[in-house]
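What follows is a short report on a single structure.
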Amino acid sequence: QAANPRNTLVILREIDADNYDPPRSTARGAGEVIYMMSDTLVALDFDMQTVRPLLAERWEISPDGKTYTFHLRRDVTFCDGRPMTADDVVYSLNRFIDPATRSPVRWRAGPVKEIRARDQFTVEYELNEPFGELLFQLTLFFASIVDRNSVERLGQNFGVQGFNGTGPYCWASWTPRQEMVLTRHPTYNWGPSGVYQNPAPQVDRVVWRVTPESQTRLAALQTGQGDVTQYIPYIAIQQLRRQPNVRMSQQENYFWDHFMGFKVDKPVVSDPAVRRAINMAVNREAIVRATWFGAATPADAYLNPNVTGFDAEAARLVPRFDQAGAQRVLDEAGWRMGPDGIRVKDGQRATFLVYGIQTQAAQQYLQSMQADLRRIGLEMRIQMWDATVGWGRLATQEFDAFVMSYPYVTATDAFSLYFNSRNRPTPNRMNWNDPETDRALTEAQTSVDPAVRAAAIARAQRIVAENNVWFPVAREQLWVAASARTEGVRAHGIYGIALYKGLDIRLTR
Amino acid sequence: MSATTETEEPIAPPRPGVLARLIREPAAAVSLALVTLIIAAAVFAPLLAPTDPYDNDLSLAMQPPGSEGLPLGADAQGRDMITRLVYGLRVSLLMGFAAVLLGGGLGALLGFLAAFYHRWLDGPIMRLVDILLSFPAILVGLAIAAIFGPGIFSVVLALSVATVPLMARIVRGSAMVVMRLDYIEAARATGMTDARLIWKHLAPNCLSAIFVFATLRFGQVILLGSALSFLGLGAQPPVPELGAMASEGRNFLFFAPHIAVVPCVLIFIVVLAFNVLGDALRDALDPRLRV
Amino acid sequence: MLRHAIQRLILAIPVMFGVLLIGFLLMQVVPTDPATVRAGPTATPDVIAAIRADLGLDEPLYKQFALYVWRLLHGDLGSSIINNVPVSQELGATIGPTLELMFASLFWSIPLGILLGTLAGYWRGSLIDRTIMAISVAGVSVPVFFLGLVLIWFVGFQWQWLPFTGRAGPIWTLDGMLSLILPAVTLGGVFIGPVARMTRTAVLDVLSADHVRTARAKGLTERLVVMRHALRNALVPVITLIGLQIGFLLGGAVVTETVFSWPGVGRLAVGAILSSDFPMAQGTIIVLSMGFIVINLTVDVLYAALDPRIRGA
Amino acid sequence: MSETLLEVTGLAKHYPVRKGLIVAKQVGTVRAVDGVSFSVSRGETLALVGESGCGKSTTARLVLRLIEPSAGSIRFEGVDVTRITGAAQRAMRRRMQIVFQDPYASLNPRLTVAETIAEPMLVHGIGDAAARRKRVEELLSLVGLRAFHAQRYPHEFSGGQRQRIGIARALSVQPDLVVCDEPVSALDVSIQAQVVNLLKDLQRRFGLAYLFIAHDLAVVKHVADRVAVMYLGQIVEIGDKRSLFASPRHPYTRALLSAIPHPDPERRGQVKPLGGDLPSPLNPPPGCRFHTRCPFAQERCRREVPELRRLGPGHDAACHFAETLPPAGLDFTGGLSENAAKRLALYAKARAA
Amino acid sequence: MSEDLLRIEGLRTVFRTHGGEVTAVDGVDLSVPRGRTLGIVGESGCGKSVLSLSIMRLVAHPGRIAAGRVLLEGRDLVGLSSAEMRQVRGSQVAMIFQEPMTSLNPVHTVGFQITEAMRAHDPRASATELRERAIEALNRVRIPSPDRRFDEYPHQLSGGMRQRVMIAMALACRPKLLIADEPTTALDVTVQAQILDLLRDLQAETGMSIILITHDLGVVAEMADEVAVMYAGRVVERAEAGAIFGDPMHPYTLGLLGSVPRLDEERETLLAIDGSVPPPFALPKGCRFHPRCPFAAAECKSDQPPLREVVSGHSAACLRAPVEAFAA
Ligand SMILES: Nc1ncnc2c1ncn2[C@@H]1O[C@H](COP(=O)(O)OP(=O)(O)OP(=O)(O)O)[C@@H](O)[C@H]1O
Ligand SMILES: Nc1ncnc2c1ncn2[C@@H]1O[C@H](COP(=O)(O)OP(=O)(O)OP(=O)(O)O)[C@@H](O)[C@H]1O
Ligand SMILES: [Mg+2]
Ligand SMILES: [Mg+2]
């Protein structure tokens with residue numbers, strides 16, 4: 001039995017990221033490490049609501065909501081020891097929004113007019129129109145501040161062969177798909193106060209080890225071959241909570257939802273009756289239990305009730321489980337049962353193809369849904385893709401429906417992402433194109449009056465729910481498991497990432 | 001004239017048939033019975049299976065073996081393991097048969113041609129075989145899955161491709177031996193066509209080698225197929241295939257081990273049965289061991 | 001001897017070339033366009049076109065192949081289209097662990113397999129024979145991943161004797177050695193069966209050969225008869241067959257690496273193919289099959305060392 | 001008896017020996033058969049004898065065109081069979097058949113005796129199924145087998161019986177010439193006698209001609225009308241049986257004859273071994289090929305290739321000194337002892353009864 | 001002559017097969033005098049090889065010696081431990097086999113295989129000494145340039161040469177008895193004559209006894225002092241060579257003599273024996289030759305004839321020998 005060396009924290013995870021350049025990667029696997037290697041201007045607290053100072057010690061918003069002025073800390077240095085200045089911030093943020101960088105999440109920076117340095121430690125962020133989400137968006141790792149010299153030196157290989165940020169840990173080495181090693185940033189003491197108790201890192205080395213097999217990961221954790229992981233097989237969560245040698249931590253304010261989206265302009269699923277019937281036919285309760293074993297809640301609405309902007313009325317519009325009702329809906333819409341047990345209408349078989357990124361959960365619940373739908377005479381064909389290829393596939397029009405899971409911060413954040421007609425074909429893969437929705441979303445984003453914003457986002461929610469554009473599946477919980485020698489692990493959950501800056505983590509042995 | 005009479009005596013005793021020699025060995029008899037049983041189970045899967053292989057009952061998910069009405073338990077979807085197993089057997093065997101038939105057929109053809117037209121074709125064919133042989137089966141599987149996407153089709157194609165060079169070698173080897181025998185010359189001396197010569201005289205006498213290899217290969221193919229499924233390149237859910245089932249079940253190994261273990265054990269039994277049968281056939285067909 | 005080795009090497013060249021060609025063509029028929037993969041989910045057509053030109057995908061196929069071989073000869077296998085890491089660099093990092101794993105598994109399984117096979121062949125028909133053969137047939141029938149998972153479950157998890165996640169270091173460090181044990185046992189475990197069976201058959205063949213009878217008639221001890229005359233001759237076919245079975249072992253290595261998170265070429269290959277990282281996939285496939293060819297070459301040379309009839313020819 | 005059925009002139013078969021890897025260079029030639037000429041008349045037996053590897057089987061296969069000759073012509077009833085193809089060749093194949101040495105390898109184990117015997121007829125489209133069945137029965141009884149044997153498989157027969165089946169197959173298409181490639185070498189003496197008797201009997205009844213290949217000179221003396229002695233791919237002596245055995249003119253023929261041990265202890269010690277081994281056909285000695293082992297070899301033999309010369313009526317030999325060799329000193333007199341002969345006569349009588 | 005070197009009494013060797021136990025050698029009594037040659041003739045499958053292997057105790061599984069004694073200078077080899085038997089093999093009794101092609105190990109040099117035989121019985125000899133002795137042995141069997149051949153592999157030698165190597169190996173430790181199991185059957189007549197010549201010379205030189213197994217009556221007549229004729233696992237006739245050929249008693253021996261074509265005689269048809277040798281699992285009751293015997297009478301079908309001395313020094317296992325007494 002080989003325990004890990006003292007002061008080396010071994011973090012187990014399922015998959016590796018393709019690179020660690022903040023604006024170029026959208027993978028959670030990239031974010032996990034980037035948060036430890038670099039900092040953002042502002043940080044998000046454990047309540048998932050409060051924005052806290054990080055690199056910016058304070059900031060002001062102009063009354064028209066269009067200009068943000070950030071005052072930077074003066075004691076921050078990069079891993080190579082060079083002090084960080086406003087130039088670095090401007091460079092990093094401009095690089096994020098630069099089309100040449102081809103960041104897939106550029107829109108998260110808002111409708112930027114200009115980002116400029118007023119002096120060595122002051123940055124002005126000017127928008128074309130108000131963007132209420134901005135501070136939330138700037139907590140995400142895409143907006144991490146990196147060292148300009150390193151980026152220019154490494155070019156495409158920044159975040160592949162090296163990295164230089166201001167985070168609590170520094171890049172030591174990366175063996176793709178195997179292991180990522182970080183070492184402590186010796187002078188780091190600017191951890192977000194109010195979020196963490198300790199502003200400085202406590203561990204000398206951090207090893208991110210990829211262990212794809214879930215059972216292996218589990219066993220490794222329990223035998224001390226790994227210290228921390230958030231990639232716990234769902235089935236194990238309840239059991240691990242009872243284990244004395246494992247410490248479990250849950251984030252209650254966690255918004256990570258699974259859903260199935262329908263391409264509303266493809267045959268079969270373009271029929272609202274079919275979409276409604278699907279929503280009614282699937283026993284969400286049962287499949288969520290069978291997939292997550294209590295580590296997720298059935299999603300009976302498009303959003304988490306705890307999220308800012310949630311509309312209860314819209315939630316009531318999502319149909320309840322009613323298999324007989326689903327049959328009736330289909331019968332009324334003219335879908336007749338065919339000889340092979342699949343319904344037919346006007347010579348069209350009630351069959352549709354669903355794409356998904358290969359995960360164990362998706363595989364499990366899709367099979368369950370498939371069985372449920374078969375009972376009402378709908379055939380759902382499943383095609384799963386590996387993550388690297390899958391995203392490309394999901395940008396096409398080859399499929400009729402897809403499943404996905406995603407993190408969000410607010411209702412407006414979530415809905416603007418998926419239901420804005422401008423976001424077709426991705427991330428609006430449903431091809432949802434409704435002027436009314438678009439208008440409501442714009443209003444929710446740009447209005448300065450919070451009440452107007454709330455009403456607008458509620459309107460959008462109702463439209464979408466009425467049309468059954470999605471089938472909401474589940475709200476996942478976030479758990480982190482830590483070995484007995486590890487203390488101070490607390491699940492955070494920003495962008496689905498549990499450890500965030502990992503500042504309070506200590507090793508006792 | 002006494003030279004043209006033959007006294008009344010059958011010189012060799014009636015030799016026991018291959019079957020008789022096969023079942024003389026207990027292990028072989030058991031394996032033969034098992035193989036028959038396995039094939040029968042696969043063929044009559046719809047009659048044997050207690051439930052629909054695609055119909056789930058989530059309330060029964062992961063019921064351990066021995067639960068009421070579920071002698072082997074249920075899988076993560078609450079589907080009866082027995083149902084899944086017999087249908088899985090069906091898919092796996094079909095996969096194996098298809099691969100061995102396709103790859104073996106092509107390989108045998110190549111082998112016959114290389115041996116028969118030794119002068120011109122042996123070199124080119126054997127170089128091709130060498131090249132094919134340099135791609136281990138799993139690699140072929142990976143490459144083909146990359147081309148056609150994961151699925152049964154890819155697995156069958158990959159395993160067929162991987163079987164071709166092996167079969168070609170075996171057949172060539174045994175055909176070369178047969179080609180040296182006088183009855184081939186005798187047949188040629190009667191003036192028959194090459195096709196008839198291959199079909200009537202060469203091929204039947206290589207059959208035992210082909211048959212033995214095919215049974216052994218069948219086991220390997222099932223094993224390889226399940227390995228490909230394990231790597232996520234094989235049958236896609238909800239299609240029941242033993243390797244894919246084991247692969248799915250491994251996520252619950254510590255909690256509901258039967259989901260992975262039962263298909264593994266079945267794979268083991270199937271492969272074992274075919275291996276033992278292949279070995280026994282080899283012994284039964286080996287002229288040196290004939291009595 | 002040396003002549004023979006050189007001859008075999010020259011004969012292997014067209015095969016290697018064929019492997020290169022097939023490896024290259026395989027990746028050409030993949031329906032996914034590498035440029036789109038590299039461009040990512042939000043790429044516009046003009047970006048994709050630019051990348052195509054970058055990657056040389058607009059050239060005619062034979063030119064691409066020629067270029068590919070040319071670069072290959074200069075040690076350049078291209079770069080990953082996913083993260084732009086040179087393929088040779090990744091291969092360099094992963095080949096060591098894979099060799100370690102293969103070597104360690106062969107290191108114990110071949111001698112043990114040969115020993116078991118010889119015992120079984122010598123005591124043909126006895127209880128020893130039957131037991132050994134039962135074990136080895138069973139060994140041939142176990143899915144590698146199953147064996148690996150069972151070992152993890154018992155040795156690693158229940159008893160906590162040995163580590164089972166990844167490679168803790170190079171083989172010469174204690175940690176590295178320990179972390180190698182379970183993967184090597186798994187991979188070797190499925191190899192013993194074939195080796196034992198092949199050895200048994202070969203030993204049986206040789207034991208019934210006339211020259212063994214001659215050796216006995218000389219009054220040699222049974223040990224000498226078996227070691228010098230039976231086993232020595234039996235090794236010739238056994239070595240050849242082992243060479244052929246290396247492919248099987250390579251396949252097993254891919255699975256073993258996945259089960260044990262072993263940072264080897266096999267896992268790299270699976271990952272690259274699953275993620276349509278074509279240059280990487282191509283590189284791994286070529287390296288693995290080249291490895292196979294090299295091993296077989298070695299076997300051929302060994303074969304000649306063991307059998308003077310071949311040496312002379 | 002005098003009508004020439006088969007005439008072979010200058011027949012040669014050279015196998016190139018290649019070496020090299022990518023481009024195989026020819027580094028030598030195995031002269032398996034090197035300029036062989038002989039003829040066989042209708043109803044006659046010509047025996048071909050010689051040591052192992054001297055090219056007997058190759059000659060047989062060449063005559064049947066199972067392999068293509070490198071040079072020379074083969075005329076069957078005056079038609080050059082080396083040139084014909086297609087239907088004409090198939091027709092020719094009907095007239096020449098072959099019987100092999102190894103009774104275990106010469107029958108397809110997957111075919112019944114009836115199928116084996118009927119196949120040549122089937123290939124040549126002779127008769128319908130019923131006619132063929134009848135013919136198979138006839139042939140079986142002809143070679144001393146029973147009708148019920150027809151449905152059995154070769155493995156159910158002994159070596160001698162198999163050889164009979166092979167003969168029946170050869171006879172099924174009523175050939176004129178049967179090439180027998182050591183048909184009795186693999187058989188036990190008692191069985192060998194049966195088969196030899198059968199072959200002679202069939203020849204008498206059907207007027208067959210045999211090209212009879214053997215290495216046992218005693219058997220040859222028993223069955224042949226004429227004998228050709230081969231050495232290293234060439235015929236060194238050919239002649240009428242009586243004259244060849246009575247006065248062998250080539251030193252090699254003499255050596256062969258004197259190496260045979262007689263089943264008669266009275267004459268023990270007469271066996272005179274010939275020194276040395278048969279040289280490789282890849283590298284035959286220059287001049288007379290036999291000079292390396294010849295006790296009478298002289299300088300001329302090393303340089304000059306001796307031609308096959310007519311030395312007496314129907315008796316040719318290829319030796320420069322055939323006329324001047326000392327007497328062979330072979331003693332074939334004797335025969336069975338009186339006692340043995342008497343008992344054998346009784347045996348024959350009892351057997352015939 | 002002098003007393004016997006080897007006496008075989010009631011030797012019975014059986015094989016366990018699927019069809020039950022098969023007796024390959026059935027109650028054979030033989031003796032080999034010192035310095036003389038015993039020829040054993042018989043057709044294929046009559047048990048000649050099994051008999052010779054039984055003497056060496058080399059009958060492989062599933063065969064075993066079921067009964068009888070093999071006395072070498074009075075010592076029963078059947079009762080020896082396997083270590084003691086190893087001492088006998090090679091040094092006192094040596095053996096050469098029919099197939100010179102396969103009887104040598106292809107992966108070791110000729111010299112190694114010869115010295116190996118010497119070392120097995122003289123473990124203290126030095127390598128150079130062994131080499132010298134082996135080269136001398138090769139010389140003795142008239143192999144040209146033996147010091148070069150010493151380092152060659154069997155595949156580099158011709159058949160006759162290999163058989164000579166086998167002989168050199170067998171005689172390496174100067175055995176008292178050499179068993180030659182069809183040593184010339186696979187060779188051409190000219191080479192056969194060389195080997196027979198060699199054996200005869202070596203026997204004169206060393207005074208060893210030889211058991212020469214063959215199916216060729218000519219070879220027996222040429223070499224043997226005494227002859228035993230075997231049929232279906234039993235000795236059916238035994239006498240001095242002259243008596244066997246001059247005064248054959250057993251109908252089978254007669255049949256053999258009649259079957260061989262002879263150079264010194266011309267006959268239109270050969271006197272063949274009808275039928276063929278019965279396989280060991282289908283032996284007829286009574287005299288095993290009776291189904292093929294033209295003289296067979298009723299009692300031949302039921303009683304197994306013992307080997308009895310018909311005239312002095314000449315035994316035959318036939319109820320009706322000599323046949324003229326019964327030919328009516
Ligand atoms: N296909 C071949 N390639 C090269 N050499 C060959 C081939 N076939 C025969 N030979 C050579 O030709 C020579 C004559 O062979 P052949 O079989 O005719 O001899 P044979 O007289 O029938 O001998 P045996 O008595 O052993 O049957 C031999 O030296 C043999 O090695
Ligand atoms: N391993 C065995 N299993 C069963 N029967 C055997 C075995 N070995 C030999 N026999 C039987 O013993 C009998 C005698 O065989 P043996 O080899 O002594 O004959 P042989 O006289 O030497 O014949 P040949 O002239 O063919 O060498 C044969 O009939 C054979 O069937
Ligand atoms: Mg021949
Ligand atoms: Mg024998």
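As shown in the structure tokens, the chain order sets the letters A, B, ...; within each chain, residues go from 1, and ligands are also counted from 1 in the order they appear.
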* To do: Using only C-alpha atoms, determine which residues of chain D fall within 9 Å of chain B; present them as a PyMOL selection string.
  => chain D and resi 61+64-66+89-94+96-111+119-121+123-124+141-146+155-158+161+166+170+173+193-198+201+351-352
* To do: Taking only C-alpha atoms and all ligand atoms into account, report as a ChimeraX atom specification which residues have an atom no farther than 12 Å from an atom of ligand 3.
  => /B:182 /D:32,48-61,99-102,180-183,185-186,212-215
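Between CA of Ser173 (chain A) and CA of Ile11 (chain A) there is a distance of 14.9 Å.
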* **Spatial neighbours of Ile132 (chain C), 12 Å, only C-alpha atoms, chain gap at least 2 places, as a ChimeraX atom specification** => /C:112-130,134-139,192-197,199-200
Written file, previous selection with N, CA, C and O atoms, as a short mmCIF file (atom, residue, chain, number, x, y, z; two decimals), in the first residue's frame:
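result-v5.cif, freshly written:
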data_model
loop_
_atom_site.label_atom_id
_atom_site.label_comp_id
_atom_site.auth_asym_id
_atom_site.auth_seq_id
_atom_site.Cartn_x
_atom_site.Cartn_y
_atom_site.Cartn_z
N LEU C 112 7.36 -18.98 -17.01
CA LEU C 112 6.40 -19.82 -16.29
C LEU C 112 5.57 -20.64 -17.26
O LEU C 112 5.33 -21.84 -17.05
N GLY C 113 5.14 -19.99 -18.34
CA GLY C 113 4.35 -20.71 -19.34
C GLY C 113 5.13 -21.86 -19.93
O GLY C 113 4.61 -22.97 -20.08
N ILE C 114 6.39 -21.61 -20.24
CA ILE C 114 7.21 -22.68 -20.82
C ILE C 114 7.40 -23.81 -19.82
O ILE C 114 7.28 -24.98 -20.15
N LEU C 115 7.63 -23.42 -18.57
CA LEU C 115 7.80 -24.44 -17.54
C LEU C 115 6.54 -25.30 -17.43
O LEU C 115 6.59 -26.53 -17.47
N LEU C 116 5.40 -24.62 -17.32
CA LEU C 116 4.14 -25.36 -17.16
C LEU C 116 3.88 -26.25 -18.37
O LEU C 116 3.49 -27.41 -18.24
N GLY C 117 4.10 -25.66 -19.56
CA GLY C 117 3.86 -26.43 -20.78
C GLY C 117 4.76 -27.66 -20.86
O GLY C 117 4.32 -28.73 -21.26
N THR C 118 6.01 -27.48 -20.44
CA THR C 118 6.92 -28.62 -20.48
C THR C 118 6.48 -29.70 -19.51
O THR C 118 6.45 -30.89 -19.85
N LEU C 119 6.12 -29.27 -18.30
CA LEU C 119 5.65 -30.25 -17.32
C LEU C 119 4.45 -31.01 -17.87
O LEU C 119 4.38 -32.23 -17.82
N ALA C 120 3.50 -30.24 -18.42
CA ALA C 120 2.28 -30.87 -18.92
C ALA C 120 2.60 -31.82 -20.06
O ALA C 120 2.07 -32.93 -20.13
N GLY C 121 3.49 -31.39 -20.95
CA GLY C 121 3.82 -32.24 -22.09
C GLY C 121 4.54 -33.49 -21.63
O GLY C 121 4.29 -34.59 -22.13
N TYR C 122 5.42 -33.31 -20.67
CA TYR C 122 6.20 -34.46 -20.23
C TYR C 122 5.32 -35.48 -19.54
O TYR C 122 5.44 -36.68 -19.77
N TRP C 123 4.43 -34.99 -18.70
CA TRP C 123 3.53 -35.93 -18.03
C TRP C 123 2.20 -35.98 -18.74
O TRP C 123 1.15 -35.85 -18.11
N ARG C 124 2.25 -36.11 -20.01
CA ARG C 124 1.03 -36.10 -20.81
C ARG C 124 0.00 -37.08 -20.26
O ARG C 124 0.29 -38.23 -19.96
N GLY C 125 -1.23 -36.56 -20.15
CA GLY C 125 -2.32 -37.43 -19.73
C GLY C 125 -2.43 -37.58 -18.23
O GLY C 125 -3.41 -38.12 -17.73
N SER C 126 -1.42 -37.09 -17.48
CA SER C 126 -1.49 -37.25 -16.04
C SER C 126 -2.35 -36.16 -15.43
O SER C 126 -2.86 -35.27 -16.12
N LEU C 127 -2.47 -36.24 -14.13
CA LEU C 127 -3.26 -35.23 -13.42
C LEU C 127 -2.60 -33.85 -13.57
O LEU C 127 -3.27 -32.84 -13.77
N ILE C 128 -1.25 -33.84 -13.50
CA ILE C 128 -0.52 -32.58 -13.65
C ILE C 128 -0.87 -31.94 -14.98
O ILE C 128 -1.21 -30.76 -15.07
N ASP C 129 -0.80 -32.77 -16.03
CA ASP C 129 -1.11 -32.28 -17.38
C ASP C 129 -2.51 -31.70 -17.41
O ASP C 129 -2.73 -30.58 -17.87
N ARG C 130 -3.44 -32.46 -16.88
CA ARG C 130 -4.82 -32.01 -16.97
C ARG C 130 -5.03 -30.71 -16.19
O ARG C 130 -5.71 -29.80 -16.65
N ALA C 134 -6.06 -27.33 -17.92
CA ALA C 134 -7.33 -26.71 -17.53
C ALA C 134 -7.08 -25.25 -17.19
O ALA C 134 -7.79 -24.35 -17.66
N ILE C 135 -6.03 -25.02 -16.41
CA ILE C 135 -5.73 -23.64 -16.01
C ILE C 135 -5.42 -22.79 -17.23
O ILE C 135 -5.90 -21.67 -17.37
N SER C 136 -4.64 -23.35 -18.15
CA SER C 136 -4.24 -22.48 -19.26
C SER C 136 -5.39 -22.25 -20.23
O SER C 136 -5.52 -21.15 -20.77
N VAL C 137 -6.23 -23.26 -20.43
CA VAL C 137 -7.39 -23.00 -21.29
C VAL C 137 -8.27 -21.96 -20.63
O VAL C 137 -8.78 -21.03 -21.27
N ALA C 138 -8.42 -22.10 -19.32
CA ALA C 138 -9.20 -21.09 -18.61
C ALA C 138 -8.55 -19.73 -18.76
O ALA C 138 -9.20 -18.73 -19.03
N GLY C 139 -7.20 -19.71 -18.65
CA GLY C 139 -6.47 -18.46 -18.78
C GLY C 139 -6.71 -17.80 -20.12
O GLY C 139 -6.83 -16.59 -20.21
N ILE C 192 0.09 -16.52 -20.14
CA ILE C 192 0.63 -17.82 -19.73
C ILE C 192 -0.07 -18.95 -20.46
O ILE C 192 0.56 -19.89 -20.93
N GLY C 193 -1.39 -18.84 -20.55
CA GLY C 193 -2.17 -19.90 -21.17
C GLY C 193 -1.65 -20.25 -22.55
O GLY C 193 -1.25 -21.40 -22.80
N PRO C 194 -1.62 -19.26 -23.47
CA PRO C 194 -1.14 -19.58 -24.81
C PRO C 194 0.28 -20.17 -24.81
O PRO C 194 0.54 -21.15 -25.49
N VAL C 195 1.16 -19.57 -24.00
CA VAL C 195 2.54 -20.06 -24.01
C VAL C 195 2.58 -21.51 -23.52
O VAL C 195 3.23 -22.36 -24.13
N ALA C 196 1.86 -21.78 -22.45
CA ALA C 196 1.89 -23.13 -21.91
C ALA C 196 1.34 -24.12 -22.93
O ALA C 196 1.88 -25.20 -23.13
N ARG C 197 0.27 -23.72 -23.59
CA ARG C 197 -0.33 -24.65 -24.55
C ARG C 197 0.59 -24.89 -25.73
O ARG C 197 0.76 -26.02 -26.18
N THR C 199 3.80 -24.58 -25.77
CA THR C 199 4.95 -25.35 -25.34
C THR C 199 4.59 -26.82 -25.22
O THR C 199 5.34 -27.69 -25.65
N ARG C 200 3.43 -27.07 -24.66
CA ARG C 200 3.04 -28.46 -24.47
C ARG C 200 2.98 -29.18 -25.81
O ARG C 200 3.55 -30.26 -25.98
#
* To do: Give me, as an MDAnalysis selection string, the contact residues of chain C against chain B at a cut-off of 8 Å, counting only C-alpha atoms.
  => chainID C and resid 15:16 18:19 26:27 29:31 137:138 140:146 153 247:248 250:251 254:255 258 270 273:274 276 285 288:290 292:293
Within 6 Å of chain C: each chain E residue with its shortest pair, only C-alpha atoms, as CSV:
residue,atom,partner,partner_atom,distance
E:Arg86,CA,C:Gly219,CA,4.5
E:Arg89,CA,C:Gly219,CA,4.6
E:Gly90,CA,C:Lys218,CA,4.2
E:Thr102,CA,C:Asp210,CA,5.7
E:Ser103,CA,C:His211,CA,4.0
E:Leu104,CA,C:His211,CA,4.9
E:Asn105,CA,C:His211,CA,5.2
E:Val107,CA,C:Asp307,CA,5.4
E:Ala117,CA,C:Lys218,CA,5.3
E:Ala120,CA,C:Leu220,CA,5.8
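Across the model, the gap from CA of Met102 (chain C) to CA of Val190 (chain C) is 12.2 Å.
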* For Gly329 (chain D), list every protein, DNA or RNA residue within 12 Å, evaluated using only C-alpha atoms, and leave out those in the same chain fewer than 4 positions away; present the list as an MDAnalysis selection string. => chainID D and resid 245:248 251 254:255 257:258 270:272 325 333
Ligand 4: which residues are within 8 Å, counting only C-alpha atoms and all ligand atoms? Reply as an mmCIF file with C-alpha atoms, in the first residue's frame.
data_model
loop_
_atom_site.group_PDB
_atom_site.id
_atom_site.type_symbol
_atom_site.label_atom_id
_atom_site.label_comp_id
_atom_site.auth_asym_id
_atom_site.auth_seq_id
_atom_site.Cartn_x
_atom_site.Cartn_y
_atom_site.Cartn_z
ATOM 1 C CA SER E 44 5.733 -54.266 -41.178
ATOM 2 C CA GLY E 45 3.934 -54.180 -37.875
ATOM 3 C CA GLY E 47 6.632 -56.144 -33.629
ATOM 4 C CA LYS E 48 10.293 -55.951 -34.560
ATOM 5 C CA SER E 49 10.792 -52.395 -33.391
ATOM 6 C CA VAL E 50 8.773 -52.870 -30.251
ATOM 7 C CA GLN E 98 15.815 -46.753 -39.367
ATOM 8 C CA ASP E 181 16.552 -51.503 -36.311
ATOM 9 C CA GLU E 182 16.305 -51.491 -40.096
#
* Between B:Arg119, B:Asp75, B:Val91, B:Ile210, which has the minimum distance to ligand 1 (counting only C-alpha atoms and all ligand atoms)? ->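 For ligand 1, the nearest of the given residues is B:Arg119.
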Once you count only C-alpha atoms, which residues of chain C turn out to be within 8 Å of chain D? Could you give them as a compact mmCIF listing (two decimals) with N, CA, C and O atoms, in the first residue's frame?
# COMPACT_ATOMS: atom_id res chain seq x y z
N GLN C 7 19.13 -10.17 -43.62
CA GLN C 7 18.14 -10.61 -44.60
C GLN C 7 16.72 -10.37 -44.11
O GLN C 7 15.87 -9.85 -44.81
N ILE C 10 15.81 -6.77 -44.17
CA ILE C 10 15.47 -6.27 -45.50
C ILE C 10 14.08 -6.74 -45.90
O ILE C 10 13.28 -5.99 -46.46
N LEU C 11 13.78 -8.00 -45.56
CA LEU C 11 12.45 -8.51 -45.89
C LEU C 11 11.36 -7.75 -45.16
O LEU C 11 10.23 -7.65 -45.63
* To do: Could you give me, as a ChimeraX atom specification, every polymer residue with an atom at most 8 Å away from an atom of ligand 2, counting only C-alpha atoms and all ligand atoms?
  => /B:291 /E:14-17,22-25,42-52,60-63,181-182,214-215,232-233,279-281
